[in-house]
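K.L.:
Let me give you the structure first, and then I'll get to my questions.
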Amino acid sequence: MTTFVPPSSQLPSGSATQIVVPGLGIAVQSAPRRRPLAAPPTEPNHTLYVRNLNEKVALKTIFTGLEAIFSGFGEILQIRAKKNIKLRGQAFVTFKQVESATRALNEVQGFPLFSLPLDIQYARDRNYIFSEADGTLEEHKKRRAIAQAEKAKEPKKARPEVPTLGATGWFPGGAPMPAEFLPPNSILFIENLPAETSDDKLAELFQQVPGFKEVRLVPGKSDIAFVEYDTEAQATLAKQQFHLFRILPEREMRVTYARK
């Protein structure tokens with residue numbers, strides 16, 4: 001499969017760079033890295049702590065996206081993420097080999113998953129999986145309990161509630177949801193196409209992302225089309241890759257999720 005790298009003229013200026021995701025065969029522009037609030041752990045760990053996940057995206061879709069991105073670096077033993085207020089927007093990805101975790105940390109840092117750049121660091125604690133394997137599980141639990149007790153003594157910071165949107169692409173009452181808030185879909189809606197665009201030309205572009213199924217032009221509407229992928233995660237990668245892509249020098253293609 002050909003690796004798609006957007007021409008430099010199509011990439012916004014700034015400190016962002018291009019990264020290639022192993023196993024997916026595509027290169028994407030990463031967002032500038034965020035400055036961490038505290039010094040991250042420097043000791044390599046089998047487990048990566050992933051922050052800045054899009055809280056408006058369903059947890060199942062988050063799991064699918066994380067697996068699609070990180071599985072190219074080595075065998076994954078566990079992905080943990082929760083939807084409660086305290087832990088949402090975060091996940092832990094545990095690899096069988098610590099070398100896999102290190103490669104993933106270095107190469108996926110800043111990758112834009114569901115429109116937000118991933119903020120990745122080594123986890124501060126080892127996964128129970130390894131403690132159980134080497135017979136130190138009870139000791140691990142005791143250390144963890146002590147650490148949690150110390151943390152509980154710290155002043156709690158209030159976190160603003162993030163409003164949730166409907167899952168169908170429509171607000172209550174029938175009002176259409178703005179395109180930028182639409183939930184993930186395996187089908188993409190393409191707008192602002194040149195009149196002479198053919199399905200073959202679109203297929204040649206979008207099939208560079210794994211999972212491509214088909215392009216459907218709309219009869220009588222030469223400037224719009226639908227592109228379908230096997231999974232929502234693959235469609236999301238294509239959306240991030242080709243939104244505002246200049247199919248002609250003076251024409252930017254708009255790519256959003258199709259309404260469900």
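Ligands are numbered from 1 in the order shown, residues from 1 within each chain, and chains are lettered A, B, ... in the order they appear in the structure tokens.
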For range 143-154 of chain A, list every protein, DNA or RNA residue within 12 Å, evaluated using only C-alpha atoms, and leave out those in the same chain fewer than 5 positions away; present the list as a list in words.

P.N.:
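Everything that qualifies: Arg124, Asp125, Arg126, Asn127, Tyr128, Ser131, Thr136, Leu137 and Glu138 of chain A.
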
K.L.:
Store the residues picked out above, limited to N, CA, C and O atoms, as a PDB file, in the first residue's frame.

P.N.:
```
ATOM      1  N   ARG A 124       3.199   5.517  35.791  1.00  0.00           N
ATOM      2  CA  ARG A 124       4.007   5.620  37.003  1.00  0.00           C
ATOM      3  C   ARG A 124       4.079   4.299  37.770  1.00  0.00           C
ATOM      4  O   ARG A 124       4.912   4.134  38.662  1.00  0.00           O
ATOM      5  N   ASP A 125       3.205   3.374  37.440  1.00  0.00           N
ATOM      6  CA  ASP A 125       3.172   2.092  38.148  1.00  0.00           C
ATOM      7  C   ASP A 125       3.145   0.971  37.118  1.00  0.00           C
ATOM      8  O   ASP A 125       2.708   1.168  35.973  1.00  0.00           O
ATOM      9  N   ARG A 126       3.598  -0.204  37.485  1.00  0.00           N
ATOM     10  CA  ARG A 126       3.565  -1.338  36.574  1.00  0.00           C
ATOM     11  C   ARG A 126       2.181  -1.979  36.607  1.00  0.00           C
ATOM     12  O   ARG A 126       1.438  -1.867  37.590  1.00  0.00           O
ATOM     13  N   ASN A 127       1.845  -2.673  35.554  1.00  0.00           N
ATOM     14  CA  ASN A 127       0.555  -3.347  35.467  1.00  0.00           C
ATOM     15  C   ASN A 127       0.532  -4.576  36.376  1.00  0.00           C
ATOM     16  O   ASN A 127       1.533  -5.275  36.531  1.00  0.00           O
ATOM     17  N   TYR A 128      -0.637  -4.836  36.968  1.00  0.00           N
ATOM     18  CA  TYR A 128      -0.791  -6.005  37.838  1.00  0.00           C
ATOM     19  C   TYR A 128      -0.446  -7.312  37.108  1.00  0.00           C
ATOM     20  O   TYR A 128      -0.058  -8.299  37.735  1.00  0.00           O
ATOM     21  N   SER A 131       3.101  -8.174  37.942  1.00  0.00           N
ATOM     22  CA  SER A 131       3.269  -8.495  39.361  1.00  0.00           C
ATOM     23  C   SER A 131       2.727  -9.888  39.666  1.00  0.00           C
ATOM     24  O   SER A 131       3.301 -10.646  40.463  1.00  0.00           O
ATOM     25  N   THR A 136       4.779 -10.993  42.896  1.00  0.00           N
ATOM     26  CA  THR A 136       4.844  -9.806  43.773  1.00  0.00           C
ATOM     27  C   THR A 136       3.522  -9.052  43.812  1.00  0.00           C
ATOM     28  O   THR A 136       3.485  -7.862  44.105  1.00  0.00           O
ATOM     29  N   LEU A 137       2.424  -9.740  43.516  1.00  0.00           N
ATOM     30  CA  LEU A 137       1.128  -9.078  43.418  1.00  0.00           C
ATOM     31  C   LEU A 137       0.696  -8.437  44.740  1.00  0.00           C
ATOM     32  O   LEU A 137       0.246  -7.286  44.762  1.00  0.00           O
ATOM     33  N   GLU A 138       0.834  -9.164  45.850  1.00  0.00           N
ATOM     34  CA  GLU A 138       0.400  -8.618  47.136  1.00  0.00           C
ATOM     35  C   GLU A 138       1.205  -7.382  47.519  1.00  0.00           C
ATOM     36  O   GLU A 138       0.675  -6.395  48.028  1.00  0.00           O
TER      37      GLU A 138
END
```

K.L.:
Can you pull out the residues contacting Ala238 in chain A? Cut-off 12 Å, using only C-alpha atoms, and skip same-chain residues under 5 positions away; I want them as number ranges by chain.

P.N.:
A: 4, 24-28, 112-115, 184-190, 203, 205-212, 227-233, 243-245, 254-257

K.L.:
Residues of the last selection are to be written out with N, CA and C atoms, as a CSV table (one decimal), in the first residue's frame.

P.N.:
```csv
chain,number,residue,atom,x,y,z
A,4,PHE,N,0.7,7.8,2.0
A,4,PHE,CA,0.3,9.1,1.6
A,4,PHE,C,0.9,10.1,2.5
A,24,LEU,N,-0.5,0.8,9.7
A,24,LEU,CA,-1.6,1.5,9.0
A,24,LEU,C,-1.2,2.0,7.7
A,25,GLY,N,0.2,2.1,7.5
A,25,GLY,CA,0.6,2.5,6.1
A,25,GLY,C,0.3,3.9,5.7
A,26,ILE,N,0.1,4.8,6.7
A,26,ILE,CA,-0.2,6.2,6.3
A,26,ILE,C,0.6,7.1,7.2
A,27,ALA,N,0.9,8.3,6.7
A,27,ALA,CA,1.6,9.4,7.4
A,27,ALA,C,0.6,10.5,7.7
A,28,VAL,N,0.6,11.0,8.9
A,28,VAL,CA,-0.3,12.1,9.2
A,28,VAL,C,0.5,13.2,9.9
A,112,PRO,N,-2.9,12.8,16.2
A,112,PRO,CA,-4.3,13.4,16.4
A,112,PRO,C,-5.4,12.3,16.3
A,113,LEU,N,-5.8,11.8,17.4
A,113,LEU,CA,-6.8,10.8,17.5
A,113,LEU,C,-8.2,11.5,17.7
A,114,PHE,N,-9.1,11.3,16.8
A,114,PHE,CA,-10.4,12.0,17.0
A,114,PHE,C,-10.3,13.5,17.2
A,115,SER,N,-9.4,14.1,16.4
A,115,SER,CA,-9.2,15.5,16.4
A,115,SER,C,-8.4,16.1,17.5
A,184,PRO,N,-18.5,9.6,15.5
A,184,PRO,CA,-17.8,8.8,14.5
A,184,PRO,C,-18.7,7.9,13.7
A,185,ASN,N,-18.4,7.7,12.5
A,185,ASN,CA,-19.2,6.9,11.6
A,185,ASN,C,-18.2,6.3,10.6
A,186,SER,N,-18.5,5.1,10.2
A,186,SER,CA,-17.7,4.4,9.2
A,186,SER,C,-17.9,5.0,7.8
A,187,ILE,N,-18.9,5.8,7.6
A,187,ILE,CA,-19.2,6.5,6.4
A,187,ILE,C,-18.8,8.0,6.5
A,188,LEU,N,-18.1,8.5,5.5
A,188,LEU,CA,-17.7,9.9,5.5
A,188,LEU,C,-18.5,10.6,4.4
A,189,PHE,N,-18.8,11.9,4.7
A,189,PHE,CA,-19.5,12.8,3.8
A,189,PHE,C,-18.5,13.8,3.2
A,190,ILE,N,-18.4,13.8,1.9
A,190,ILE,CA,-17.4,14.6,1.2
A,190,ILE,C,-18.1,15.8,0.5
A,203,ALA,N,-11.7,7.2,-5.3
A,203,ALA,CA,-11.3,5.9,-4.8
A,203,ALA,C,-9.7,5.8,-4.7
A,205,LEU,N,-7.7,8.1,-4.1
A,205,LEU,CA,-7.2,8.9,-3.0
A,205,LEU,C,-7.5,8.2,-1.7
A,206,PHE,N,-8.8,7.8,-1.5
A,206,PHE,CA,-9.2,7.3,-0.1
A,206,PHE,C,-8.8,5.9,0.1
A,207,GLN,N,-8.5,5.1,-0.9
A,207,GLN,CA,-8.1,3.7,-0.7
A,207,GLN,C,-6.6,3.6,-0.1
A,208,GLN,N,-5.9,4.8,0.0
A,208,GLN,CA,-4.6,4.8,0.7
A,208,GLN,C,-4.7,4.5,2.2
A,209,VAL,N,-5.9,4.7,2.7
A,209,VAL,CA,-6.2,4.4,4.1
A,209,VAL,C,-6.8,3.0,4.2
A,210,PRO,N,-6.2,2.1,5.0
A,210,PRO,CA,-6.7,0.7,5.1
A,210,PRO,C,-8.2,0.7,5.5
A,211,GLY,N,-8.9,-0.4,5.0
A,211,GLY,CA,-10.3,-0.5,5.3
A,211,GLY,C,-11.3,0.1,4.3
A,212,PHE,N,-10.7,0.7,3.3
A,212,PHE,CA,-11.6,1.4,2.3
A,212,PHE,C,-12.5,0.4,1.6
A,227,VAL,N,-18.0,8.2,1.3
A,227,VAL,CA,-16.9,7.2,1.2
A,227,VAL,C,-17.1,6.3,2.4
A,228,GLU,N,-17.0,5.0,2.2
A,228,GLU,CA,-17.3,4.1,3.3
A,228,GLU,C,-16.0,3.2,3.6
A,229,TYR,N,-15.8,3.0,4.9
A,229,TYR,CA,-14.7,2.2,5.4
A,229,TYR,C,-15.3,1.0,6.2
A,230,ASP,N,-14.4,0.0,6.5
A,230,ASP,CA,-14.9,-1.1,7.3
A,230,ASP,C,-15.2,-0.7,8.8
A,231,THR,N,-14.4,0.2,9.3
A,231,THR,CA,-14.6,0.5,10.7
A,231,THR,C,-14.6,2.1,10.9
A,232,GLU,N,-15.2,2.5,12.1
A,232,GLU,CA,-15.2,3.9,12.4
A,232,GLU,C,-13.8,4.4,12.6
A,233,ALA,N,-12.9,3.6,13.2
A,233,ALA,CA,-11.5,4.1,13.4
A,233,ALA,C,-10.8,4.4,12.1
A,243,HIS,N,-9.3,15.9,5.2
A,243,HIS,CA,-10.1,17.1,5.4
A,243,HIS,C,-9.3,18.3,5.0
A,244,LEU,N,-9.9,19.1,4.2
A,244,LEU,CA,-9.2,20.3,3.6
A,244,LEU,C,-8.1,20.0,2.6
A,245,PHE,N,-8.1,18.7,2.2
A,245,PHE,CA,-7.1,18.4,1.1
A,245,PHE,C,-7.5,19.1,-0.2
A,254,ARG,N,-13.9,19.1,1.8
A,254,ARG,CA,-14.3,19.1,3.2
A,254,ARG,C,-14.8,17.7,3.5
A,255,VAL,N,-14.3,17.1,4.6
A,255,VAL,CA,-14.6,15.7,4.9
A,255,VAL,C,-15.1,15.7,6.4
A,256,THR,N,-16.3,15.2,6.5
A,256,THR,CA,-17.0,15.1,7.9
A,256,THR,C,-17.6,13.7,8.0
A,257,TYR,N,-18.0,13.3,9.2
A,257,TYR,CA,-18.7,12.1,9.4
A,257,TYR,C,-20.1,12.2,8.8
```

K.L.:
Can you work out the spacing between CA of Pro41 in chain A and CA of Gly135 in chain A in Å, to one decimal?

P.N.:
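If I compute the distance from CA of Pro41 in chain A to CA of Gly135 in chain A, I get 24.4 Å.
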
K.L.:
Go through range 57-234 of chain A and collect every residue that DSSP, computed from the backbone, puts in strand (DSSP E or B); the answer should be as JSON, numbers by chain.

P.N.:
{"A": [76, 77, 78, 79, 80, 91, 92, 93, 94, 95, 112, 113, 116, 117, 119, 120, 121, 122, 170, 176, 187, 188, 189, 190, 191, 212, 213, 214, 215, 216, 217, 218, 221, 222, 223, 224, 225, 226, 227, 228, 229]}

K.L.:
What separation in Å, quoted to one decimal, exists between CA of Gln97 in chain A and CA of Gly72 in chain A?

P.N.:
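About the pair CA of Gln97 in chain A and CA of Gly72 in chain A: they are 12.9 Å apart.
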
K.L.:
Where does DSSP see alpha helix (DSSP H) in range 32-127 of chain A, if you list the residues as a list in words?

P.N.:
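Answer for range 32-127 of chain A restricted to alpha helix (DSSP H) is Leu59, Lys60, Thr61, Ile62, Phe63, Thr64, Gly65, Leu66, Glu67, Ala68, Ile69, Phe70, Val98, Glu99, Ser100, Ala101, Thr102, Arg103, Ala104, Leu105, Asn106, Glu107 and Val108 of chain A.
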
K.L.:
Which residues are close to Lys201 in chain A, i.e. within 12 Å by only C-alpha atoms, leaving aside same-chain residues fewer than 2 positions away? Reply as a tab-separated table (two decimals) with C-alpha atoms, in the first residue's frame.

P.N.:
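Writing done, so here's result-v8.tsv:
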```
chain	number	residue	atom	x	y	z
A	193	LEU	CA	-15.66	18.51	-4.89
A	194	PRO	CA	-14.83	19.83	-8.38
A	196	GLU	CA	-15.22	16.86	-12.94
A	197	THR	CA	-14.42	14.57	-9.98
A	198	SER	CA	-14.91	10.88	-10.78
A	199	ASP	CA	-15.48	7.98	-8.40
A	203	ALA	CA	-11.27	5.93	-4.75
A	204	GLU	CA	-7.59	6.28	-5.70
A	205	LEU	CA	-7.20	8.90	-2.98
A	206	PHE	CA	-9.19	7.32	-0.14
A	207	GLN	CA	-8.05	3.72	-0.66
A	208	GLN	CA	-4.63	4.77	0.66
A	214	GLU	CA	-16.32	2.17	-1.74
A	215	VAL	CA	-17.08	5.67	-3.03
A	216	ARG	CA	-20.65	6.69	-3.77
A	217	LEU	CA	-21.24	9.81	-5.85
A	225	ALA	CA	-19.99	12.08	-2.28
A	247	ILE	CA	-8.00	18.15	-4.83
```

K.L.:
Please determine, counting only C-alpha atoms, which residue among A:Pro155, A:Pro117, A:Gly74, A:Pro249 has the shortest atom-to-atom distance to Leu53 in chain A.

P.N.:
A:Pro117

K.L.:
Leaving out Ala101 in chain A and any residue of its chain fewer than 4 positions from it, which residues lie within 12 Å of it when counting only C-alpha atoms, given as a VMD selection string?

P.N.:
chain A and resid 43 to 50 70 to 77 92 to 97 105 to 109 120 to 123

K.L.:
Please measure the separation of CA of Arg51 in chain A and CA of Ala91 in chain A, giving the value in Å to one decimal.

P.N.:
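Atom-to-atom, CA of Arg51 in chain A and CA of Ala91 in chain A are spaced 6.6 Å apart.
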
K.L.:
Hey, which of A:Leu202, A:Ile62, A:Ala104, A:Ala133 ends up closest to Ala81 in chain A? Count only C-alpha atoms.

P.N.:
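Of the candidates, the smallest distance to Ala81 in chain A is held by A:Ile62.
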